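Asks: Let me begin by handing over the structure; questions about it come next.
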Amino acid sequence: NDQLGVNARSIDDIIFYDLALFPHLKKLHEASKQRAALRTDASIRIGTPLHPFVHDIIGPGLEYAGGPDFTLNDDLMQKYQEVKAAFAKADFSLVDREWPSAFFEYLGRLENVCVEAVHTQRPVNGKPMQHGMIGLRSFPGQVADFVYQYYNAPVSIKEIKEDSEHGLWDIGNMDETQY
């Protein structure tokens, strides 16, 4: 298995990583650590909504509609319930409720606000937003910058795209009005 992004064993690893990137935040981290140390476990609320991360059931008009719905399998659901029980036993406050629903005009119905945010196809400039790819749209520029910074080799986005299998997720053919 592999992961893209921060790999952390603990919150301390994440703070270490954060401070390495943003050393000017050291005082903020120290003050936050002091405030957190004063809190009781019961004052820490942990939300446990099921949708969309445990049961990802996608209605019509949302991205990936018509595709498979995902629900944790039985053994993972049991582990999820065991983690919730462990938090409760440690006196953390569990919030056992779903995200609220709101009416979305473009869907013509009420929808869980988190489900809509994750799978939105809300119109942007008159077209459904394809948010699944938006995060990748700046990726070829980031790669070009990395190649320049790391290898001191100026390279264009066009060259990165041409040198990438499948044209870097069809990046050059996307609709720029969706930015």
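Please note that chains go A, B, ... in the order of the structure tokens, that every chain numbers its residues from 1, and that ligands are numbered from 1 in the order shown.
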Write out as a list in words each polymer residue whose atoms come within 12 Å of Asp163 of chain A, counting only C-alpha atoms; drop sequence neighbours fewer than 5 positions from it.
Replies: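 That gives Pro140, Val143, Ala144, Val155, Ser156, Ile157, Lys158 and Leu168 of chain A.
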Asks: Could those selected residues go to a file with N, CA and C atoms, as an mmCIF file, in the first residue's frame?
Replies:
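Once written, selection.cif looks like this:
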```cif
data_model
loop_
_atom_site.group_PDB
_atom_site.id
_atom_site.type_symbol
_atom_site.label_atom_id
_atom_site.label_comp_id
_atom_site.auth_asym_id
_atom_site.auth_seq_id
_atom_site.Cartn_x
_atom_site.Cartn_y
_atom_site.Cartn_z
ATOM 1 N N PRO A 140 0.415 19.907 -13.077
ATOM 2 C CA PRO A 140 1.547 19.974 -14.005
ATOM 3 C C PRO A 140 2.444 21.181 -13.748
ATOM 4 N N VAL A 143 4.616 20.229 -10.841
ATOM 5 C CA VAL A 143 5.678 19.315 -11.284
ATOM 6 C C VAL A 143 6.757 20.099 -12.015
ATOM 7 N N ALA A 144 6.356 21.001 -12.913
ATOM 8 C CA ALA A 144 7.334 21.810 -13.651
ATOM 9 C C ALA A 144 8.184 22.635 -12.686
ATOM 10 N N VAL A 155 11.530 23.641 -17.375
ATOM 11 C CA VAL A 155 10.684 22.780 -18.192
ATOM 12 C C VAL A 155 9.295 23.399 -18.234
ATOM 13 N N SER A 156 8.633 23.270 -19.358
ATOM 14 C CA SER A 156 7.302 23.867 -19.498
ATOM 15 C C SER A 156 6.218 22.878 -19.080
ATOM 16 N N ILE A 157 5.054 23.429 -18.803
ATOM 17 C CA ILE A 157 3.896 22.583 -18.492
ATOM 18 C C ILE A 157 3.593 21.695 -19.703
ATOM 19 N N LYS A 158 3.740 22.246 -20.900
ATOM 20 C CA LYS A 158 3.502 21.468 -22.119
ATOM 21 C C LYS A 158 4.434 20.252 -22.154
ATOM 22 N N LEU A 168 -1.344 13.342 -18.657
ATOM 23 C CA LEU A 168 -1.588 13.869 -17.309
ATOM 24 C C LEU A 168 -3.073 14.086 -17.064
#
```
Asks: If you count only C-alpha atoms, which residues fall within 12 Å of Asp12 of chain A, apart from same-chain ones fewer than 5 positions away, as a list in words?
Replies: Asn7, Tyr17, Asp18, Leu19, His29 and Lys33 of chain A
Asks: Choose the residue, out of A:Pro100, A:Pro128, A:Pro52, A:Pro154, that has the smallest atom-to-atom separation from Val113 of chain A; count only C-alpha atoms.
Replies: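 The answer is A:Pro100, which sits nearest to Val113 of chain A.
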Asks: Step one, run DSSP on the backbone; step two, keep only residues of segment 17-137 of chain A assigned to alpha helix (DSSP H); then write them as an NGL selection string.
Replies: :A and (17-21 or 26-37 or 74-89 or 113-119 or 131-134)
Asks: Can you measure atom CA of Ser101 of chain A to atom CA of Gly126 of chain A for me? One decimal in Å is fine.
Replies: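 According to the coordinates, atom CA of Ser101 of chain A and atom CA of Gly126 of chain A are separated by 24.0 Å.
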Asks: Separation of atom CA of Pro49 of chain A and atom CA of Ile11 of chain A, in Å?
Replies: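 So the two atoms, atom CA of Pro49 of chain A and atom CA of Ile11 of chain A, lie 22.1 Å apart.
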Asks: Write out as a PyMOL selection string the residues lying within 12 Å of Glu105 of chain A, counting only C-alpha atoms and excluding same-chain residues fewer than 2 positions away.
Replies: chain A and resi 61+102-103+107-111+116+121-123
Asks: Which of these residues is nearest to Thr48 of chain A, using only C-alpha atoms: A:Thr120, A:Gln81, A:Ser32, A:Thr71?
Replies: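 Ranked by minimum distance to Thr48 of chain A, first place goes to A:Gln81.
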Asks: Which distance in Å separates atom CA of Asp91 of chain A and atom CA of Arg35 of chain A, to one decimal?
Replies: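 Answer for the atom CA of Asp91 of chain A to atom CA of Arg35 of chain A separation: 18.6 Å.
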Asks: With DSSP run on the backbone, what are the strand (DSSP E) residues within segment 6-178 of chain A? I'd like them as a PyMOL selection string.
Replies: chain A and resi 45-47+55-56+70-71+93-95+101-104+109-112+123-124+127-128
Asks: From the set A:Ser138, A:Asn112, A:Thr40, A:Ser10, which residue has the shortest atom-to-atom contact distance to Ala90 of chain A, counting only C-alpha atoms?
Replies: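 Distance minimum relative to Ala90 of chain A lands on A:Thr40.
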Asks: Which of these residues is nearest to Val95 of chain A, using only C-alpha atoms: A:Arg9, A:Ser43, A:Met77, A:Gln34?
Replies: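 Among the listed residues, the smallest separation from Val95 of chain A belongs to A:Ser43.
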Asks: Of the residues A:Phe70, A:Trp99, A:Phe139, A:Tyr150, which is the one nearest to His55 of chain A, using only C-alpha atoms?
Replies: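 The closest residue to His55 of chain A is A:Phe70.
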Asks: Nearest residue to Phe146 of chain A out of A:Ala88, A:Ile160, A:Ile46, A:Ser93, using only C-alpha atoms?
Replies: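 That would be A:Ile160, the residue with the smallest distance to Phe146 of chain A.
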